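Colleague: Have a peek at protein.cif (mmCIF, C-alpha atoms).
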data_upload
#
loop_
_atom_site.label_atom_id
_atom_site.label_comp_id
_atom_site.auth_asym_id
_atom_site.auth_seq_id
_atom_site.Cartn_x
_atom_site.Cartn_y
_atom_site.Cartn_z
CA MET A 3 -13.47 14.31 5.85
CA SER A 4 -15.37 15.94 8.71
CA PRO A 5 -14.27 19.45 9.76
CA ARG A 6 -13.33 18.05 13.16
CA ILE A 7 -10.94 15.41 11.81
CA VAL A 8 -9.44 17.93 9.37
CA GLU A 9 -8.72 20.29 12.28
CA VAL A 10 -7.18 17.57 14.45
CA ARG A 11 -5.13 16.28 11.51
CA GLU A 12 -3.79 19.75 10.76
CA GLY A 13 -2.70 20.13 14.37
CA ILE A 14 -0.89 16.79 14.24
CA LEU A 15 0.86 17.62 10.97
CA LYS A 16 1.94 21.02 12.31
CA LYS A 17 3.43 19.39 15.40
CA ASN A 18 5.13 16.79 13.22
CA ASP A 19 6.59 19.47 10.95
CA ALA A 20 8.09 21.28 13.95
CA LEU A 21 9.64 18.08 15.32
CA ALA A 22 10.94 17.10 11.86
CA GLY A 23 12.58 20.53 11.59
CA GLU A 24 14.40 19.89 14.87
CA LEU A 25 15.50 16.46 13.65
CA ARG A 26 16.80 17.99 10.40
CA THR A 27 18.91 20.45 12.39
CA ARG A 28 20.31 17.63 14.55
CA PHE A 29 21.14 15.57 11.47
CA ARG A 30 22.91 18.51 9.81
CA GLN A 31 24.89 19.33 12.92
CA ALA A 32 26.01 15.69 13.16
CA GLY A 33 27.09 15.70 9.49
CA LEU A 34 24.53 12.96 8.83
CA SER A 35 22.57 12.52 5.59
CA VAL A 36 19.21 10.83 5.99
CA VAL A 37 17.41 8.99 3.20
CA SER A 38 13.81 7.81 3.62
CA LEU A 39 12.18 5.13 1.48
CA VAL A 40 8.45 5.03 0.77
CA SER A 41 6.50 2.59 -1.40
CA SER A 42 3.57 0.20 -1.44
CA PRO A 43 3.98 -3.05 0.52
CA GLY A 44 6.23 -5.50 -1.29
CA ALA A 45 7.79 -3.01 -3.72
CA GLY A 46 11.22 -4.06 -2.50
CA LYS A 47 12.33 -1.45 0.05
CA THR A 48 14.08 -4.01 2.25
CA ALA A 49 15.71 -5.82 -0.67
CA LEU A 50 17.01 -2.50 -2.05
CA LEU A 51 18.29 -1.58 1.40
CA GLU A 52 19.99 -4.96 1.97
CA ARG A 53 22.05 -4.57 -1.17
CA THR A 54 22.64 -0.86 -0.49
CA LEU A 55 23.99 -1.42 3.03
CA ALA A 56 26.25 -4.21 1.76
CA GLY A 57 27.50 -1.92 -1.03
CA LEU A 58 28.22 1.05 1.21
CA ARG A 59 29.41 -0.34 4.52
CA ALA A 60 33.07 -0.69 3.47
CA THR A 61 33.32 3.03 2.67
CA ASP A 62 30.57 4.68 4.71
CA ARG A 63 29.22 4.46 8.24
CA VAL A 64 25.62 3.45 7.52
CA ALA A 65 22.61 2.53 9.66
CA ALA A 66 18.88 1.95 9.20
CA LEU A 67 15.53 2.39 10.93
CA VAL A 68 12.73 0.20 9.58
CA GLY A 69 9.02 0.74 10.15
CA ASP A 70 6.32 -1.92 10.16
CA LEU A 71 2.96 -2.40 11.83
CA ALA A 72 4.10 -5.69 13.32
CA THR A 73 7.16 -8.00 13.43
CA ASP A 74 10.86 -7.18 13.40
CA ARG A 75 11.52 -9.27 10.27
CA ASP A 76 12.98 -6.39 8.27
CA ALA A 77 15.39 -5.43 11.06
CA GLN A 78 16.49 -9.06 11.27
CA ARG A 79 17.08 -9.19 7.50
CA LEU A 80 19.01 -5.92 7.47
CA GLY A 81 20.92 -6.74 10.63
CA ARG A 82 22.75 -9.45 8.69
CA ALA A 83 24.61 -6.66 6.85
CA GLY A 84 26.44 -6.03 10.14
CA VAL A 85 25.37 -2.40 10.51
CA PRO A 86 23.21 -0.75 13.21
CA VAL A 87 19.52 -1.42 12.51
CA ARG A 88 16.49 -0.71 14.65
CA GLN A 89 12.85 -1.67 14.04
CA ILE A 90 10.04 0.78 14.73
CA THR A 91 6.80 -1.13 15.30
CA THR A 92 3.81 1.15 14.73
CA GLY A 93 0.96 -1.15 15.83
CA THR A 94 -2.01 0.06 13.81
CA VAL A 95 -0.46 3.34 12.68
CA CYS A 96 -0.12 3.50 8.90
CA HIS A 97 3.04 5.64 8.66
CA LEU A 98 6.14 6.73 10.56
CA ASP A 99 6.22 10.19 12.11
CA ALA A 100 9.04 12.41 13.34
CA GLU A 101 8.41 11.53 16.98
CA MET A 102 8.84 7.79 16.32
CA VAL A 103 12.11 8.53 14.52
CA ALA A 104 13.37 10.80 17.32
CA ARG A 105 12.52 8.16 19.92
CA ALA A 106 14.23 5.37 17.97
CA LEU A 107 17.41 7.46 17.66
CA ASP A 108 17.43 8.53 21.29
CA ASP A 109 20.52 6.58 22.39
CA TRP A 110 22.42 6.66 19.06
CA ARG A 111 25.52 8.82 18.54
CA LEU A 112 24.57 10.45 15.25
CA ALA A 113 28.05 11.93 14.76
CA ASP A 114 29.35 8.36 14.35
CA LEU A 115 27.22 7.89 11.19
CA ASP A 116 27.46 9.16 7.60
CA LEU A 117 24.19 7.88 6.15
CA LEU A 118 20.99 6.83 7.86
CA PHE A 119 18.19 5.10 5.96
CA ILE A 120 14.60 5.19 7.18
CA GLU A 121 12.30 2.56 5.65
CA ASN A 122 8.69 3.66 6.09
CA VAL A 123 5.63 1.42 6.51
CA GLY A 124 4.54 0.08 3.09
CA ASN A 125 1.82 2.56 2.13
CA LEU A 126 1.51 4.81 -0.92
CA VAL A 127 -0.85 7.27 0.77
CA CYS A 128 -0.38 8.26 4.40
CA PRO A 129 3.43 8.61 4.69
CA ALA A 130 3.30 11.44 2.12
CA SER A 131 2.21 14.00 4.72
CA TYR A 132 4.77 13.22 7.42
CA ASP A 133 8.16 14.92 7.21
CA LEU A 134 10.78 12.78 8.99
CA GLY A 135 13.61 15.31 8.78
CA GLU A 136 15.16 13.39 5.88
CA SER A 137 17.51 15.00 3.31
CA LEU A 138 16.21 12.82 0.49
CA ARG A 139 12.87 11.08 0.14
CA VAL A 140 12.93 8.19 -2.30
CA VAL A 141 9.74 6.67 -3.68
CA LEU A 142 10.02 3.10 -4.97
CA MET A 143 7.78 1.63 -7.63
CA SER A 144 8.18 -1.97 -8.75
CA VAL A 145 7.69 -3.04 -12.37
CA THR A 146 5.01 -5.47 -11.20
CA GLU A 147 2.72 -2.73 -9.86
CA GLY A 148 1.74 -1.24 -13.21
CA GLU A 149 2.75 1.95 -14.98
CA ASP A 150 -0.18 4.00 -13.70
CA LYS A 151 0.62 4.12 -9.98
CA PRO A 152 2.01 7.69 -9.99
CA LEU A 153 -1.27 8.95 -11.45
CA LYS A 154 -3.33 7.09 -8.88
CA TYR A 155 -1.18 8.02 -5.86
CA PRO A 156 0.07 11.47 -6.90
CA THR A 157 0.67 12.96 -3.44
CA ILE A 158 3.42 10.58 -2.43
CA PHE A 159 5.20 10.81 -5.79
CA ASN A 160 4.92 14.57 -5.54
CA SER A 161 6.49 14.56 -2.07
CA ALA A 162 9.55 12.55 -3.22
CA ASP A 163 12.97 13.83 -4.36
CA LEU A 164 13.96 10.74 -6.33
CA ALA A 165 12.04 7.81 -7.86
CA VAL A 166 13.52 4.32 -8.04
CA ILE A 167 11.97 1.68 -10.26
CA THR A 168 12.59 -1.73 -8.66
CA LYS A 169 12.51 -5.41 -9.72
CA CYS A 170 13.70 -4.59 -13.27
CA ASP A 171 14.71 -8.24 -13.68
CA LEU A 172 10.95 -8.94 -13.94
CA ALA A 173 10.28 -6.15 -16.47
CA ALA A 174 10.03 -8.44 -19.50
CA ALA A 175 7.87 -11.03 -17.67
CA VAL A 176 5.27 -8.38 -16.80
CA GLU A 177 5.67 -6.46 -20.10
CA PHE A 178 6.60 -3.32 -18.17
CA ARG A 179 6.50 -0.16 -20.28
CA ARG A 180 9.29 1.89 -18.75
CA ALA A 181 8.87 5.03 -20.88
CA GLU A 182 5.18 5.21 -19.96
CA ALA A 183 5.93 4.70 -16.25
CA GLU A 184 8.60 7.41 -16.26
CA ALA A 185 6.30 9.80 -18.12
CA ASN A 186 3.62 9.20 -15.47
CA VAL A 187 6.10 9.85 -12.64
CA ARG A 188 7.10 13.15 -14.26
CA LEU A 189 3.50 14.16 -14.93
CA VAL A 190 2.93 14.37 -11.18
CA ARG A 191 6.50 15.39 -10.26
CA PRO A 192 8.06 17.30 -13.18
CA GLY A 193 11.83 17.00 -13.52
CA ILE A 194 12.32 14.33 -10.86
CA GLU A 195 15.37 12.06 -11.22
CA ILE A 196 14.44 8.40 -11.89
CA LEU A 197 16.69 5.37 -11.47
CA ALA A 198 15.92 1.80 -12.53
CA THR A 199 17.24 -1.06 -10.41
CA SER A 200 17.13 -4.74 -9.60
CA ALA A 201 18.23 -5.79 -6.13
CA ARG A 202 18.44 -9.34 -7.43
CA THR A 203 20.83 -8.76 -10.36
CA GLY A 204 22.45 -5.52 -9.20
CA GLU A 205 21.24 -3.62 -12.29
CA GLY A 206 21.34 0.13 -11.67
CA PHE A 207 23.14 -0.11 -8.33
CA ASP A 208 26.28 1.73 -9.51
CA ALA A 209 24.18 4.81 -10.29
CA TRP A 210 22.13 4.44 -7.08
CA LEU A 211 25.17 4.08 -4.80
CA ASP A 212 26.88 6.99 -6.58
CA ARG A 213 23.81 9.10 -5.93
CA LEU A 214 23.93 8.24 -2.24
CA ARG A 215 27.66 8.97 -1.98
CA ARG A 216 27.12 12.40 -3.59
CA LEU A 217 24.40 13.05 -1.03
CA ARG A 218 26.82 12.21 1.77
CA GLY A 219 29.33 14.71 0.40
CA ALA A 220 26.63 17.35 0.10
CA GLY A 221 25.37 16.68 3.64
CA GLN A 222 28.84 17.12 5.11
CA GLY A 223 29.49 20.21 3.01
CA THR A 224 26.57 22.09 4.52
CA SER A 225 27.10 21.02 8.11
CA MET B 3 -1.37 8.30 18.70
CA SER B 4 -2.48 11.24 20.83
CA PRO B 5 -5.54 10.69 23.07
CA ARG B 6 -7.33 13.39 21.07
CA ILE B 7 -6.86 11.70 17.70
CA VAL B 8 -7.82 8.32 19.20
CA GLU B 9 -11.05 9.81 20.48
CA VAL B 10 -11.92 11.50 17.18
CA ARG B 11 -11.03 8.34 15.26
CA GLU B 12 -13.26 6.22 17.50
CA GLY B 13 -16.15 8.59 16.85
CA ILE B 14 -15.63 8.35 13.11
CA LEU B 15 -15.44 4.55 13.15
CA LYS B 16 -18.59 4.34 15.25
CA LYS B 17 -20.46 6.56 12.80
CA ASN B 18 -19.09 4.49 9.91
CA ASP B 19 -20.20 1.23 11.55
CA ALA B 20 -23.74 2.56 11.94
CA LEU B 21 -23.92 3.66 8.31
CA ALA B 22 -22.40 0.36 7.11
CA GLY B 23 -25.08 -1.47 9.09
CA GLU B 24 -27.78 0.49 7.26
CA LEU B 25 -26.12 -0.29 3.93
CA ARG B 26 -25.98 -3.99 4.80
CA THR B 27 -29.73 -3.96 5.50
CA ARG B 28 -30.43 -2.20 2.17
CA PHE B 29 -28.27 -4.72 0.31
CA ARG B 30 -30.02 -7.67 1.94
CA GLN B 31 -33.47 -6.26 1.24
CA ALA B 32 -32.52 -5.78 -2.42
CA GLY B 33 -31.23 -9.39 -2.65
CA LEU B 34 -27.78 -8.02 -3.48
CA SER B 35 -24.48 -9.62 -2.45
CA VAL B 36 -21.59 -7.20 -2.06
CA VAL B 37 -17.94 -8.19 -2.33
CA SER B 38 -15.16 -5.76 -1.39
CA LEU B 39 -11.56 -6.08 -2.52
CA VAL B 40 -8.60 -4.78 -0.51
CA SER B 41 -4.89 -5.04 -1.25
CA SER B 42 -1.71 -3.05 -1.64
CA PRO B 43 -1.41 -0.85 -4.75
CA GLY B 44 -0.69 -2.92 -7.85
CA ALA B 45 -1.68 -6.30 -6.40
CA GLY B 46 -4.11 -6.77 -9.26
CA LYS B 47 -7.55 -5.81 -7.94
CA THR B 48 -8.64 -4.25 -11.23
CA ALA B 49 -7.23 -7.09 -13.35
CA LEU B 50 -9.03 -9.66 -11.17
CA LEU B 51 -12.21 -7.65 -11.45
CA GLU B 52 -11.97 -7.24 -15.24
CA ARG B 53 -11.83 -10.99 -15.73
CA THR B 54 -14.46 -11.57 -13.03
CA LEU B 55 -17.00 -9.19 -14.57
CA ALA B 56 -16.41 -10.74 -18.00
CA GLY B 57 -16.89 -14.22 -16.51
CA LEU B 58 -20.10 -13.41 -14.65
CA ARG B 59 -21.99 -10.93 -16.78
CA ALA B 60 -23.68 -13.55 -18.97
CA THR B 61 -25.30 -15.22 -15.96
CA ASP B 62 -25.40 -12.52 -13.26
CA ARG B 63 -26.32 -8.86 -13.04
CA VAL B 64 -23.01 -7.42 -11.85
CA ALA B 65 -21.69 -3.91 -11.17
CA ALA B 66 -18.65 -2.28 -9.57
CA LEU B 67 -17.57 0.73 -7.54
CA VAL B 68 -13.86 1.53 -7.70
CA GLY B 69 -11.97 3.76 -5.27
CA ASP B 70 -8.81 5.74 -6.01
CA LEU B 71 -7.23 8.93 -4.71
CA ALA B 72 -7.17 10.35 -8.23
CA THR B 73 -8.10 9.46 -11.85
CA ASP B 74 -10.97 7.39 -13.18
CA ARG B 75 -8.65 4.94 -14.98
CA ASP B 76 -9.98 1.87 -13.19
CA ALA B 77 -13.60 2.76 -13.97
CA GLN B 78 -12.64 3.23 -17.62
CA ARG B 79 -10.90 -0.18 -17.68
CA LEU B 80 -13.82 -1.93 -16.01
CA GLY B 81 -16.42 -0.06 -18.05
CA ARG B 82 -15.23 -1.97 -21.11
CA ALA B 83 -16.87 -5.08 -19.64
CA GLY B 84 -20.21 -3.41 -20.44
CA VAL B 85 -21.53 -3.44 -16.86
CA PRO B 86 -22.38 -0.49 -14.58
CA VAL B 87 -19.20 0.94 -13.05
CA ARG B 88 -18.69 4.08 -10.99
CA GLN B 89 -15.44 5.62 -9.75
CA ILE B 90 -15.16 7.04 -6.23
CA THR B 91 -12.34 9.57 -6.10
CA THR B 92 -11.18 10.07 -2.51
CA GLY B 93 -8.72 12.95 -2.97
CA THR B 94 -6.21 12.49 -0.15
CA VAL B 95 -8.29 10.00 1.84
CA CYS B 96 -6.54 6.64 2.13
CA HIS B 97 -9.60 4.36 2.20
CA LEU B 98 -13.26 4.12 1.24
CA ASP B 99 -15.91 4.55 3.92
CA ALA B 100 -19.59 3.65 4.11
CA GLU B 101 -20.70 7.21 3.38
CA MET B 102 -18.75 7.31 0.09
CA VAL B 103 -20.34 4.00 -0.92
CA ALA B 104 -23.85 5.17 0.01
CA ARG B 105 -23.37 8.39 -1.96
CA ALA B 106 -22.05 6.54 -5.04
CA LEU B 107 -25.06 4.20 -5.01
CA ASP B 108 -27.60 6.98 -4.46
CA ASP B 109 -29.28 6.79 -7.89
CA TRP B 110 -28.78 3.05 -8.52
CA ARG B 111 -31.63 0.56 -8.40
CA LEU B 112 -30.04 -2.09 -6.21
CA ALA B 113 -32.84 -4.59 -6.83
CA ASP B 114 -31.69 -4.77 -10.46
CA LEU B 115 -28.32 -6.21 -9.39
CA ASP B 116 -27.15 -9.61 -8.13
CA LEU B 117 -23.54 -8.88 -7.26
CA LEU B 118 -21.79 -5.59 -6.54
CA PHE B 119 -18.01 -5.37 -6.28
CA ILE B 120 -16.32 -2.57 -4.34
CA GLU B 121 -12.62 -2.08 -5.12
CA ASN B 122 -10.98 -0.16 -2.27
CA VAL B 123 -8.04 2.24 -2.51
CA GLY B 124 -4.77 0.29 -2.70
CA ASN B 125 -3.66 0.26 0.94
CA LEU B 126 -2.93 -2.66 3.27
CA VAL B 127 -3.50 -0.65 6.44
CA CYS B 128 -6.28 1.91 6.66
CA PRO B 129 -9.19 0.16 4.84
CA ALA B 130 -9.12 -2.57 7.51
CA SER B 131 -11.11 -0.47 9.99
CA TYR B 132 -13.91 0.67 7.69
CA ASP B 133 -16.90 -1.60 7.27
CA LEU B 134 -18.56 -0.93 3.88
CA GLY B 135 -21.61 -3.12 4.45
CA GLU B 136 -20.10 -5.87 2.29
CA SER B 137 -21.10 -9.55 2.58
CA LEU B 138 -17.58 -10.74 1.77
CA ARG B 139 -14.28 -8.95 2.18
CA VAL B 140 -11.53 -10.33 -0.03
CA VAL B 141 -7.87 -9.51 0.60
CA LEU B 142 -5.57 -9.90 -2.41
CA MET B 143 -1.86 -10.64 -2.15
CA SER B 144 0.29 -10.93 -5.25
CA VAL B 145 3.12 -13.45 -5.53
CA THR B 146 5.51 -10.56 -6.22
CA GLU B 147 4.94 -8.95 -2.81
CA GLY B 148 6.67 -11.58 -0.71
CA GLU B 149 5.37 -14.31 1.57
CA ASP B 150 5.61 -12.25 4.76
CA LYS B 151 2.98 -9.59 4.05
CA PRO B 152 0.26 -11.13 6.26
CA LEU B 153 2.63 -10.99 9.25
CA LYS B 154 3.53 -7.36 8.57
CA TYR B 155 -0.04 -6.16 7.88
CA PRO B 156 -2.04 -8.46 10.15
CA THR B 157 -5.07 -6.24 10.75
CA ILE B 158 -6.27 -6.22 7.18
CA PHE B 159 -5.76 -9.96 6.70
CA ASN B 160 -7.58 -10.50 9.98
CA SER B 161 -10.55 -8.40 8.76
CA ALA B 162 -10.95 -10.43 5.55
CA ASP B 163 -13.27 -13.38 4.84
CA LEU B 164 -11.31 -14.80 1.91
CA ALA B 165 -7.72 -14.42 0.69
CA VAL B 166 -6.84 -14.50 -3.02
CA ILE B 167 -3.26 -14.95 -4.14
CA THR B 168 -2.84 -13.13 -7.49
CA LYS B 169 -0.35 -13.12 -10.40
CA CYS B 170 0.37 -16.86 -10.03
CA ASP B 171 1.76 -16.86 -13.59
CA LEU B 172 4.77 -15.03 -12.07
CA ALA B 173 5.20 -17.45 -9.15
CA ALA B 174 8.18 -19.30 -10.63
CA ALA B 175 9.92 -16.10 -11.78
CA VAL B 176 9.86 -14.69 -8.24
CA GLU B 177 10.42 -18.08 -6.54
CA PHE B 178 7.16 -17.66 -4.62
CA ARG B 179 6.81 -20.12 -1.73
CA ARG B 180 3.07 -20.73 -1.69
CA ALA B 181 2.93 -23.02 1.36
CA GLU B 182 4.82 -20.43 3.42
CA ALA B 183 2.55 -17.60 2.23
CA GLU B 184 -0.60 -19.60 3.04
CA ALA B 185 0.76 -20.54 6.46
CA ASN B 186 1.39 -16.84 7.16
CA VAL B 187 -2.14 -15.90 6.08
CA ARG B 188 -3.57 -18.52 8.43
CA LEU B 189 -1.30 -17.50 11.30
CA VAL B 190 -3.08 -14.14 11.42
CA ARG B 191 -6.49 -15.42 10.23
CA PRO B 192 -6.90 -19.08 11.25
CA GLY B 193 -9.08 -21.18 8.97
CA ILE B 194 -9.55 -18.59 6.23
CA GLU B 195 -10.23 -19.89 2.72
CA ILE B 196 -7.42 -19.12 0.26
CA LEU B 197 -7.63 -19.19 -3.55
CA ALA B 198 -4.73 -18.85 -5.99
CA THR B 199 -5.34 -17.08 -9.30
CA SER B 200 -3.85 -15.49 -12.37
CA ALA B 201 -5.95 -12.89 -14.19
CA ARG B 202 -3.60 -13.28 -17.14
CA THR B 203 -3.90 -17.05 -17.66
CA GLY B 204 -7.23 -17.63 -15.95
CA GLU B 205 -5.71 -20.05 -13.42
CA GLY B 206 -8.00 -20.47 -10.43
CA PHE B 207 -10.90 -18.54 -11.94
CA ASP B 208 -13.28 -21.52 -12.02
CA ALA B 209 -13.02 -21.82 -8.22
CA TRP B 210 -13.20 -18.04 -7.72
CA LEU B 211 -16.29 -17.60 -9.91
CA ASP B 212 -17.94 -20.62 -8.25
CA ARG B 213 -17.28 -19.02 -4.86
CA LEU B 214 -18.97 -15.81 -6.01
CA ARG B 215 -21.97 -17.65 -7.47
CA ARG B 216 -22.43 -19.50 -4.17
CA LEU B 217 -22.36 -16.16 -2.38
CA ARG B 218 -25.05 -14.87 -4.67
CA GLY B 219 -27.23 -17.83 -3.85
CA ALA B 220 -26.63 -17.35 -0.13
CA GLY B 221 -27.41 -13.64 -0.34
CA GLN B 222 -30.73 -14.30 -2.05
CA GLY B 223 -31.55 -17.09 0.36
CA THR B 224 -31.44 -14.79 3.37
CA SER B 225 -33.20 -11.82 1.78
#
Turn the structure described in the file into structure tokens.
Modeller:
Amino acid sequence: MSPRIVEVREGILKKNDALAGELRTRFRQAGLSVVSLVSSPGAGKTALLERTLAGLRATDRVAALVGDLATDRDAQRLGRAGVPVRQITTGTVCHLDAEMVARALDDWRLADLDLLFIENVGNLVCPASYDLGESLRVVLMSVTEGEDKPLKYPTIFNSADLAVITKCDLAAAVEFRRAEAEANVRLVRPGIEILATSARTGEGFDAWLDRLRRLRGAGQGTS
Amino acid sequence: MSPRIVEVREGILKKNDALAGELRTRFRQAGLSVVSLVSSPGAGKTALLERTLAGLRATDRVAALVGDLATDRDAQRLGRAGVPVRQITTGTVCHLDAEMVARALDDWRLADLDLLFIENVGNLVCPASYDLGESLRVVLMSVTEGEDKPLKYPTIFNSADLAVITKCDLAAAVEFRRAEAEANVRLVRPGIEILATSARTGEGFDAWLDRLRRLRGAGQGTS
């Protein structure tokens, strides 16, 4: 990268960090836990979220922001769960940033929510550098992508707090080697918690929903 | 995006376009056809390329450049085909650019090659804007990613000359709706040629290899 673009990029990231810090304070004051999801396109963020919102909405006040370059398809899909959902359309921008999140939440009463999910643009590179004020960043990795993705996209795995393996119902069909995949995740992010799920069969969702409910308790405890 | 970043980005793209133009001239003068591959991470670029190099090397002088943020795993995989392969490691940069390609080819005798493949970093957003001097840009889309990806990442599909659907051996397992996927590709890129393949079973490879051989002929015809 040219020195000029590095300098401009650093300025942008610094501004984003400051805004994300403000968002994090607002979230904490409202007693709101925020979970962001990052992955490559088609790893199953929206499918995971559909089943998650359906599983939580009876007990928790949940909502979602979903990022895409174009279309509001994901918001339409998630809206069927009957919870507040808003699409952020980024145009040509390859990631969400804190300003987009702040703008999307402008007219929401955060104190009326327990858990907010933010689904990033499908991209295993650029979202890594942008703090969104979330309490938990979850990186998804589908069994169909290959076991080596953490090694090839280390920055985003290293920026995550939790890894979720998705589409486990296809694991046998693609001869997925789970132990190797998990070892690769932990090579770039030692000690990270890893869950394995299938949004189609529900495999792993008890552990995933439990994890989210614990987060909610923790979020409220510190507010 | 801030006006400042837009301005810097435009400068970078302009410089890239100029360098890509020079590369394109060098490739044409050497009688070399260059095919670039873009897709999301794990869509099967390397698997397609492995089978492609194996299928062409008896009749054509082929080589490959492969881009990744980190590791030289793809170059190692492709190197087993016994053809020249070089890895471009981008660090944190989310795409290849013309300068990286020019640098990687610095000590290669291009006139000794018929077909050069350039595998981009797995990313459905950022590579769209960077011309690499290629004769043919191929966008891959695996059946496991969902039929709506062209609508959600229109810019990269719109920048491609050919779309290849990959992992067709998994189509039934994921209930892939091919007609819908193809309609979505052509909504954002009217008239584009679409091939359907499986690097595992070899489905569609006769048509794909024929397409590449025709390109080779065309490249030599205009040199």
Colleague: Find the nearest atom pair between each residue of chain A and chain B for residues within 8 Å, count all atoms listed in the file, give distances in Å to one decimal, sort rows by chain and ascending number, and present the table as a Markdown table.
Modeller:
| residue | atom | partner | partner_atom | distance |
| --- | --- | --- | --- | --- |
| A:Met3 | CA | B:Val95 | CA | 7.8 |
| A:Arg6 | CA | B:Val10 | CA | 7.8 |
| A:Ile7 | CA | B:Val10 | CA | 6.7 |
| A:Val10 | CA | B:Ile7 | CA | 6.7 |
| A:Arg11 | CA | B:Ile7 | CA | 7.9 |
| A:Ser42 | CA | B:Pro43 | CA | 6.1 |
| A:Pro43 | CA | B:Ser42 | CA | 6.1 |
| A:Gly44 | CA | B:Glu147 | CA | 4.0 |
| A:Ala45 | CA | B:Glu147 | CA | 6.7 |
| A:Gly46 | CA | B:Glu147 | CA | 8.0 |
| A:Asp70 | CA | B:Lys154 | CA | 6.3 |
| A:Leu71 | CA | B:Lys154 | CA | 6.0 |
| A:Ala72 | CA | B:Lys154 | CA | 5.1 |
| A:Thr73 | CA | B:Lys154 | CA | 6.1 |
| A:Thr94 | CA | B:Val127 | CA | 7.6 |
| A:Val95 | CA | B:Met3 | CA | 7.9 |
| A:Cys96 | CA | B:Val127 | CA | 5.9 |
| A:Gly124 | CA | B:Leu126 | CA | 8.0 |
| A:Asn125 | CA | B:Asn125 | CA | 6.1 |
| A:Leu126 | CA | B:Asn125 | CA | 7.1 |
| A:Val127 | CA | B:Cys96 | CA | 5.9 |
| A:Cys128 | CA | B:Cys96 | CA | 6.8 |
| A:Thr146 | CA | B:Gly44 | CA | 7.1 |
| A:Glu147 | CA | B:Gly44 | CA | 4.0 |
| A:Gly148 | CA | B:Gly44 | CA | 6.1 |
| A:Lys151 | CA | B:Gly44 | CA | 7.5 |
| A:Leu153 | CA | B:Thr73 | CA | 6.9 |
| A:Lys154 | CA | B:Ala72 | CA | 5.1 |
| A:Tyr155 | CA | B:Leu71 | CA | 6.2 |
| A:Pro156 | CA | B:Ala72 | CA | 7.4 |
| A:Thr157 | CA | B:Thr94 | CA | 7.6 |
| A:Leu172 | CA | B:Ala175 | CA | 7.5 |
| A:Ala175 | CA | B:Leu172 | CA | 7.5 |
Colleague: Using all atoms listed in the file, give me every residue within 10 Å of (-12.5, -24.5, -4.1) in file coordinates, as a PDB file with C-alpha atoms, keeping the file's coordinate frame.
Modeller:
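Full text of part_18.pdb as output:
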ATOM      1  CA  GLU B 195     -10.230 -19.890   2.720  1.00  0.00           C
ATOM      2  CA  ILE B 196      -7.420 -19.120   0.260  1.00  0.00           C
ATOM      3  CA  LEU B 197      -7.630 -19.190  -3.550  1.00  0.00           C
ATOM      4  CA  ALA B 198      -4.730 -18.850  -5.990  1.00  0.00           C
ATOM      5  CA  GLY B 206      -8.000 -20.470 -10.430  1.00  0.00           C
ATOM      6  CA  PHE B 207     -10.900 -18.540 -11.940  1.00  0.00           C
ATOM      7  CA  ASP B 208     -13.280 -21.520 -12.020  1.00  0.00           C
ATOM      8  CA  ALA B 209     -13.020 -21.820  -8.220  1.00  0.00           C
ATOM      9  CA  TRP B 210     -13.200 -18.040  -7.720  1.00  0.00           C
ATOM     10  CA  LEU B 211     -16.290 -17.600  -9.910  1.00  0.00           C
ATOM     11  CA  ASP B 212     -17.940 -20.620  -8.250  1.00  0.00           C
ATOM     12  CA  ARG B 213     -17.280 -19.020  -4.860  1.00  0.00           C
TER      13      ARG B 213
END
Colleague: Apply the PyMOL selection byres ((chain B and resi 164) around 9) to the structure shown and report the selected residues as an MDAnalysis selection string.
Modeller: chainID B and resid 138:142 159 162:163 165:166 194:197
Colleague: Written as a list in words, what is the full residue list that the PyMOL selection byres ((chain B and resi 28) around 12) yields on the file shown?
Modeller: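 Selected by the PyMOL selection byres ((chain B and resi 28) around 12) here: Leu21, Ala22, Gly23, Glu24, Leu25, Arg26, Thr27, Phe29, Arg30, Gln31, Ala32, Gly33, Leu34, Ser35, Val36, Ala104, Leu107, Asp108, Arg111, Leu112, Ala113, Gly135, Glu136, Ser137 and Ser225 of chain B.
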Colleague: What would the file look like if the residues just selected were written as a JSON list (two decimals), in the coordinates of the input with C-alpha atoms?
Modeller:
[["chain", "number", "residue", "atom", "x", "y", "z"],
["B", 21, "LEU", "CA", -23.92, 3.66, 8.31],
["B", 22, "ALA", "CA", -22.40, 0.36, 7.11],
["B", 23, "GLY", "CA", -25.08, -1.47, 9.09],
["B", 24, "GLU", "CA", -27.78, 0.49, 7.26],
["B", 25, "LEU", "CA", -26.12, -0.29, 3.93],
["B", 26, "ARG", "CA", -25.98, -3.99, 4.80],
["B", 27, "THR", "CA", -29.73, -3.96, 5.50],
["B", 29, "PHE", "CA", -28.27, -4.72, 0.31],
["B", 30, "ARG", "CA", -30.02, -7.67, 1.94],
["B", 31, "GLN", "CA", -33.47, -6.26, 1.24],
["B", 32, "ALA", "CA", -32.52, -5.78, -2.42],
["B", 33, "GLY", "CA", -31.23, -9.39, -2.65],
["B", 34, "LEU", "CA", -27.78, -8.02, -3.48],
["B", 35, "SER", "CA", -24.48, -9.62, -2.45],
["B", 36, "VAL", "CA", -21.59, -7.20, -2.06],
["B", 104, "ALA", "CA", -23.85, 5.17, 0.01],
["B", 107, "LEU", "CA", -25.06, 4.20, -5.01],
["B", 108, "ASP", "CA", -27.60, 6.98, -4.46],
["B", 111, "ARG", "CA", -31.63, 0.56, -8.40],
["B", 112, "LEU", "CA", -30.04, -2.09, -6.21],
["B", 113, "ALA", "CA", -32.84, -4.59, -6.83],
["B", 135, "GLY", "CA", -21.61, -3.12, 4.45],
["B", 136, "GLU", "CA", -20.10, -5.87, 2.29],
["B", 137, "SER", "CA", -21.10, -9.55, 2.58],
["B", 225, "SER", "CA", -33.20, -11.82, 1.78]]
